[in-house]
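Below is one structure, written out as structure tokens; the observations come after it.
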Amino acid sequence: MIKKNYLTASLLLSIALLSACSNTSPLTKTNANTTQTIPTKVVSDPVSPDKPATEPVTTLTVDWQKIEAAADQKYQEEPLADYYLNILSEEERNAAPWFYAQDFNVTITEAQNRLLLQGISGPLIQAVAEYLGESVAAIYYENNNPNEFSIKITTLTSVQAIPSKFVYHFKQDEFNRFSIPIYIQASSDKSQQQIFALQEKATPEILKRYPDTQSIGFSPMTNTINVMIYRKIADEAEREHIEAELTELVGHPVVVEFIENRITTL
């Protein structure tokens, strides 16, 4: 289907196309807990699941001018003119804006602009992520606001960004009419690496306790671990109980959702 291909291609095209849907993936024998979040490519030492999640961190004051300069340098090194044509077929290029417009209640023109911004913002996201390093908890596109498309970055509370919003203007001739706002939300007590380590450590126990678990994944928009469990009959009291139990088990907020049908994978 075109829509399925559009979503797949958009993930490749823009590093990750994150929508209002749950950012989790079905469980398979070879992939027990994948996530849809923008990779940060931060080079650092691996985090042990047993490593304390709240160890002292030095305050980081964000210098937007340094981030802008780093991004500009990356764009000088990475020509972007053919980014779209090399990934999507002509049919998919024509269909993608229509599906996006329907999903996020924007015009076709706005959808086209947003998809293009996703396609060309990779080097910018890498520059921000490399600057913030292990302070990053999540990076995602805010698709749901019909009035503004933006990049949102959740960081450790130790990060100080004044102002918290910065608008990056693209400088290449073919894209210099475009810009995108970036927001830093310093609200997390754990880094992305620490959250993923906790999730990985807890996954076998979650599957043992709840074998009807259909997916486990991280939602960057809510900074939570999302667990989907198959239940023919949903019981709110049971859902709340499991949610509290798994939050304690993981050591990070867990959101539990009951679904009436099993997820099948090809």
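Residue numbering restarts at 1 in every chain; chains get A, B, ... in the order shown in the structure tokens, and ligands count up from 1 in that same order.
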Problem set entry | DSSP strand (DSSP E) residues within range 41-245 of chain A, as a ChimeraX atom specification | /A:60-61,136-142,150-156,159-160,165-169,179-188,213-219,224-230
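The gap separating CA of Val255 in chain A from CA of Thr222 in chain A is 9.4 Å, in Å to one decimal.
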Can you tell me, as a short mmCIF file (atom, residue, chain, number, x, y, z; two decimals) with N, CA, C and O atoms, in the first residue's frame, which residues in range 46-200 of chain A count as helix (DSSP H, G or I) by DSSP?
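Listed below is the output, part-v6.cif:
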data_model
loop_
_atom_site.label_atom_id
_atom_site.label_comp_id
_atom_site.auth_asym_id
_atom_site.auth_seq_id
_atom_site.Cartn_x
_atom_site.Cartn_y
_atom_site.Cartn_z
N TRP A 64 23.18 28.51 21.70
CA TRP A 64 22.53 28.27 20.41
C TRP A 64 23.43 28.64 19.24
O TRP A 64 23.36 28.03 18.16
N GLN A 65 24.29 29.65 19.41
CA GLN A 65 25.17 30.08 18.31
C GLN A 65 26.17 28.98 17.96
O GLN A 65 26.48 28.76 16.79
N LYS A 66 26.67 28.26 18.98
CA LYS A 66 27.58 27.15 18.70
C LYS A 66 26.86 26.02 17.97
O LYS A 66 27.42 25.39 17.07
N ILE A 67 25.62 25.75 18.38
CA ILE A 67 24.84 24.71 17.71
C ILE A 67 24.58 25.10 16.26
O ILE A 67 24.72 24.29 15.34
N GLU A 68 24.22 26.36 16.03
CA GLU A 68 23.96 26.83 14.66
C GLU A 68 25.22 26.69 13.80
O GLU A 68 25.15 26.23 12.65
N ALA A 69 26.36 27.08 14.35
CA ALA A 69 27.62 26.99 13.60
C ALA A 69 27.95 25.54 13.26
O ALA A 69 28.41 25.24 12.15
N ALA A 70 27.72 24.64 14.22
CA ALA A 70 27.99 23.21 13.98
C ALA A 70 27.07 22.66 12.90
O ALA A 70 27.49 21.87 12.04
N ALA A 71 25.79 23.07 12.94
CA ALA A 71 24.84 22.62 11.92
C ALA A 71 25.22 23.16 10.55
O ALA A 71 25.18 22.43 9.55
N ASP A 72 25.58 24.43 10.50
CA ASP A 72 25.99 25.03 9.22
C ASP A 72 27.16 24.26 8.61
O ASP A 72 27.21 24.01 7.40
N GLN A 73 28.10 23.86 9.45
CA GLN A 73 29.25 23.11 8.97
C GLN A 73 28.83 21.76 8.40
O GLN A 73 29.32 21.33 7.36
N LYS A 74 27.90 21.10 9.08
CA LYS A 74 27.42 19.80 8.60
C LYS A 74 26.74 19.94 7.25
O LYS A 74 26.89 19.09 6.36
N TYR A 75 25.97 21.01 7.07
CA TYR A 75 25.29 21.20 5.80
C TYR A 75 26.28 21.51 4.67
O TYR A 75 26.01 21.19 3.51
N GLN A 76 27.38 22.12 4.98
CA GLN A 76 28.41 22.34 3.97
C GLN A 76 29.02 21.03 3.51
O GLN A 76 29.47 20.89 2.37
N GLU A 77 29.02 20.05 4.41
CA GLU A 77 29.63 18.75 4.11
C GLU A 77 28.64 17.76 3.51
O GLU A 77 29.04 16.74 2.97
N GLU A 90 7.93 7.93 -7.51
CA GLU A 90 7.09 9.08 -7.90
C GLU A 90 5.69 8.95 -7.31
O GLU A 90 5.11 9.94 -6.85
N GLU A 91 5.15 7.74 -7.28
CA GLU A 91 3.83 7.52 -6.71
C GLU A 91 3.80 7.86 -5.23
O GLU A 91 2.87 8.50 -4.74
N GLU A 92 4.84 7.46 -4.51
CA GLU A 92 4.91 7.76 -3.09
C GLU A 92 5.11 9.24 -2.82
O GLU A 92 4.54 9.80 -1.89
N ARG A 93 5.91 9.90 -3.66
CA ARG A 93 6.11 11.35 -3.49
C ARG A 93 4.81 12.10 -3.66
O ARG A 93 4.54 13.09 -2.97
N ASN A 94 3.97 11.63 -4.57
CA ASN A 94 2.69 12.29 -4.81
C ASN A 94 1.70 12.00 -3.69
O ASN A 94 0.87 12.85 -3.36
N ALA A 95 1.76 10.81 -3.11
CA ALA A 95 0.77 10.41 -2.10
C ALA A 95 1.13 10.87 -0.70
O ALA A 95 0.25 11.14 0.12
N ALA A 96 2.43 10.96 -0.38
CA ALA A 96 2.85 11.25 0.98
C ALA A 96 2.24 12.52 1.56
O ALA A 96 1.72 12.50 2.68
N PRO A 97 2.25 13.65 0.85
CA PRO A 97 1.65 14.86 1.42
C PRO A 97 0.16 14.70 1.72
O PRO A 97 -0.34 15.26 2.71
N TRP A 98 -0.55 13.97 0.86
CA TRP A 98 -1.99 13.78 1.10
C TRP A 98 -2.23 13.03 2.40
O TRP A 98 -3.08 13.43 3.21
N PHE A 99 -1.49 11.95 2.62
CA PHE A 99 -1.66 11.18 3.85
C PHE A 99 -1.27 12.01 5.07
O PHE A 99 -1.95 11.99 6.10
N TYR A 100 -0.18 12.76 4.97
CA TYR A 100 0.25 13.59 6.09
C TYR A 100 -0.81 14.64 6.40
O TYR A 100 -1.14 14.89 7.55
N ALA A 101 -1.35 15.29 5.36
CA ALA A 101 -2.37 16.31 5.55
C ALA A 101 -3.60 15.74 6.26
O ALA A 101 -4.18 16.39 7.14
N GLN A 102 -3.99 14.54 5.89
CA GLN A 102 -5.14 13.90 6.53
C GLN A 102 -4.84 13.55 7.98
O GLN A 102 -5.67 13.75 8.88
N ASP A 103 -3.65 13.04 8.24
CA ASP A 103 -3.29 12.59 9.59
C ASP A 103 -3.17 13.75 10.57
O ASP A 103 -3.51 13.63 11.75
N PHE A 104 -2.68 14.90 10.09
CA PHE A 104 -2.35 15.99 11.01
C PHE A 104 -3.13 17.28 10.75
O PHE A 104 -2.80 18.32 11.30
N ILE A 108 -2.31 20.59 2.06
CA ILE A 108 -1.34 19.83 1.27
C ILE A 108 -0.02 20.59 1.17
O ILE A 108 1.07 20.00 1.30
N THR A 109 -0.09 21.90 0.98
CA THR A 109 1.13 22.70 0.89
C THR A 109 1.92 22.63 2.18
O THR A 109 3.16 22.47 2.16
N GLU A 110 1.23 22.73 3.32
CA GLU A 110 1.92 22.64 4.61
C GLU A 110 2.52 21.24 4.80
O GLU A 110 3.63 21.10 5.31
N ALA A 111 1.77 20.22 4.38
CA ALA A 111 2.28 18.85 4.49
C ALA A 111 3.55 18.69 3.65
O ALA A 111 4.52 18.06 4.10
N GLN A 112 3.55 19.24 2.45
CA GLN A 112 4.75 19.15 1.60
C GLN A 112 5.94 19.84 2.27
O GLN A 112 7.06 19.31 2.25
N ASN A 113 5.70 21.00 2.86
CA ASN A 113 6.78 21.72 3.53
C ASN A 113 7.31 20.94 4.72
O ASN A 113 8.52 20.88 4.95
N ARG A 114 6.41 20.33 5.48
CA ARG A 114 6.84 19.60 6.67
C ARG A 114 7.63 18.35 6.30
O ARG A 114 8.63 18.02 6.95
N LEU A 115 7.20 17.66 5.27
CA LEU A 115 7.94 16.47 4.83
C LEU A 115 9.32 16.87 4.31
O LEU A 115 10.31 16.17 4.55
N LEU A 116 9.40 18.00 3.62
CA LEU A 116 10.70 18.47 3.16
C LEU A 116 11.60 18.82 4.35
O LEU A 116 12.77 18.46 4.38
N LEU A 117 11.04 19.49 5.35
CA LEU A 117 11.82 19.85 6.54
C LEU A 117 12.33 18.61 7.25
O LEU A 117 13.45 18.58 7.76
N GLN A 118 11.49 17.58 7.30
CA GLN A 118 11.95 16.33 7.91
C GLN A 118 13.11 15.75 7.12
O GLN A 118 14.06 15.21 7.68
N GLY A 119 13.03 15.89 5.80
CA GLY A 119 14.07 15.33 4.97
C GLY A 119 15.39 16.05 5.08
O GLY A 119 16.45 15.43 4.93
N ILE A 120 15.37 17.36 5.35
CA ILE A 120 16.63 18.12 5.35
C ILE A 120 17.12 18.46 6.76
O ILE A 120 18.18 19.10 6.90
N GLY A 122 18.11 16.38 9.20
CA GLY A 122 18.99 15.40 9.83
C GLY A 122 20.30 15.99 10.36
O GLY A 122 20.64 15.80 11.53
N PRO A 123 21.06 16.71 9.53
CA PRO A 123 22.32 17.30 10.03
C PRO A 123 22.10 18.27 11.18
O PRO A 123 22.92 18.34 12.10
N LEU A 124 21.00 19.02 11.16
CA LEU A 124 20.69 19.94 12.26
C LEU A 124 20.46 19.17 13.55
O LEU A 124 21.00 19.52 14.61
N ILE A 125 19.68 18.10 13.47
CA ILE A 125 19.39 17.28 14.66
C ILE A 125 20.67 16.66 15.20
O ILE A 125 20.90 16.62 16.42
N GLN A 126 21.54 16.20 14.30
CA GLN A 126 22.81 15.62 14.74
C GLN A 126 23.66 16.65 15.46
O GLN A 126 24.29 16.35 16.48
N ALA A 127 23.66 17.88 14.95
CA ALA A 127 24.45 18.94 15.59
C ALA A 127 23.94 19.23 17.00
O ALA A 127 24.73 19.37 17.94
N VAL A 128 22.62 19.30 17.16
CA VAL A 128 22.04 19.56 18.49
C VAL A 128 22.34 18.40 19.43
O VAL A 128 22.75 18.59 20.58
N ALA A 129 22.15 17.18 18.93
CA ALA A 129 22.35 16.00 19.77
C ALA A 129 23.80 15.84 20.21
O ALA A 129 24.07 15.49 21.35
N GLU A 130 24.71 16.11 19.30
CA GLU A 130 26.13 16.00 19.65
C GLU A 130 26.52 17.06 20.68
O GLU A 130 27.33 16.80 21.57
N TYR A 131 25.93 18.23 20.57
CA TYR A 131 26.22 19.30 21.53
C TYR A 131 25.69 18.93 22.92
O TYR A 131 26.37 19.11 23.93
N LEU A 132 24.47 18.40 22.98
CA LEU A 132 23.85 18.07 24.26
C LEU A 132 24.39 16.77 24.86
O LEU A 132 24.33 16.57 26.07
N GLY A 133 24.89 15.87 24.02
CA GLY A 133 25.50 14.64 24.49
C GLY A 133 24.56 13.78 25.32
O GLY A 133 23.40 13.56 24.96
N GLU A 134 25.05 13.30 26.46
CA GLU A 134 24.28 12.39 27.29
C GLU A 134 23.13 13.07 28.03
O GLU A 134 22.39 12.42 28.75
N SER A 135 22.97 14.37 27.83
CA SER A 135 21.84 15.07 28.46
C SER A 135 20.53 14.84 27.72
O SER A 135 19.47 15.18 28.23
N ASP A 173 21.11 27.52 -0.97
CA ASP A 173 20.32 28.30 -1.94
C ASP A 173 18.95 27.68 -2.20
O ASP A 173 17.94 28.39 -2.26
N GLU A 174 18.91 26.36 -2.34
CA GLU A 174 17.65 25.71 -2.70
C GLU A 174 16.68 25.59 -1.52
O GLU A 174 15.50 25.30 -1.70
N PHE A 175 17.16 25.82 -0.29
CA PHE A 175 16.30 25.68 0.88
C PHE A 175 16.28 26.93 1.78
O PHE A 175 15.76 26.88 2.88
N GLN A 192 18.41 9.42 27.58
CA GLN A 192 17.89 8.42 26.66
C GLN A 192 18.57 7.08 26.87
O GLN A 192 17.91 6.03 26.90
N GLN A 193 19.88 7.09 27.02
CA GLN A 193 20.61 5.83 27.21
C GLN A 193 20.15 5.12 28.48
O GLN A 193 20.00 3.89 28.50
N GLN A 194 19.94 5.86 29.55
CA GLN A 194 19.52 5.26 30.81
C GLN A 194 18.10 4.69 30.69
O GLN A 194 17.83 3.59 31.20
N ILE A 195 17.21 5.41 30.02
CA ILE A 195 15.85 4.92 29.83
C ILE A 195 15.85 3.63 29.02
O ILE A 195 15.18 2.65 29.38
N PHE A 196 16.61 3.61 27.92
CA PHE A 196 16.66 2.42 27.08
C PHE A 196 17.28 1.23 27.83
O PHE A 196 16.86 0.09 27.65
N ALA A 197 18.28 1.52 28.66
CA ALA A 197 18.90 0.45 29.44
C ALA A 197 17.92 -0.14 30.43
O ALA A 197 17.85 -1.37 30.62
N LEU A 198 17.14 0.71 31.09
CA LEU A 198 16.13 0.23 32.03
C LEU A 198 15.06 -0.58 31.31
O LEU A 198 14.62 -1.63 31.80
N GLN A 199 14.66 -0.13 30.13
CA GLN A 199 13.66 -0.84 29.35
C GLN A 199 14.17 -2.23 28.94
O GLN A 199 13.46 -3.24 29.06
N GLU A 200 15.41 -2.25 28.46
CA GLU A 200 15.99 -3.52 28.01
C GLU A 200 16.10 -4.51 29.17
O GLU A 200 15.80 -5.70 29.02
#
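Across the model, the gap from CA of Gln172 in chain A to CA of Asn147 in chain A is 24.8 Å.
With CA of Ile184 in chain A on one side and CA of Asp63 in chain A on the other, the separation reads 11.9 Å.
Comparing A:Tyr168, A:Tyr230, A:Phe218, A:Tyr210 by their smallest distance to Tyr183 in chain A, the closest is A:Tyr168 (using only C-alpha atoms).
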For this session: Name the residues in contact with Thr61 in chain A at a cut-off of 7 Å, using only C-alpha atoms, excluding same-chain residues fewer than 4 positions from it; report them as a list in words.
Result: Val159, Gln160 and Ala161 of chain A
Please, could you write that set of residues out with C-alpha atoms as a short mmCIF file (atom, residue, chain, number, x, y, z; two decimals), in the first residue's frame?
data_model
loop_
_atom_site.label_atom_id
_atom_site.label_comp_id
_atom_site.auth_asym_id
_atom_site.auth_seq_id
_atom_site.Cartn_x
_atom_site.Cartn_y
_atom_site.Cartn_z
CA VAL A 159 20.25 21.61 31.09
CA GLN A 160 19.70 25.37 30.98
CA ALA A 161 18.43 26.77 27.69
#
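Considering only C-alpha atoms, the residue among A:Thr58, A:Ile233, A:Asn144, A:Ser121 positioned nearest to Ser158 in chain A is A:Thr58.
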Exercise. Which one is closest to Gln214 in chain A: A:Asn145, A:Thr59, A:Ser188, A:Asn261? Count only C-alpha atoms.
Worked result: A:Asn261
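In this comparison, which uses only C-alpha atoms, the residue of A:Asp189, A:Glu148, A:Glu78, A:Glu142 approaching Gly251 in chain A most closely is A:Asp189.
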For this session: Have a look at A:Leu207, A:Ala244, A:Ile259, A:Val167 and name the one nearest to Lys232 in chain A; count only C-alpha atoms.
Result: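 The shortest atom-to-atom distance to Lys232 in chain A comes from A:Ile259.
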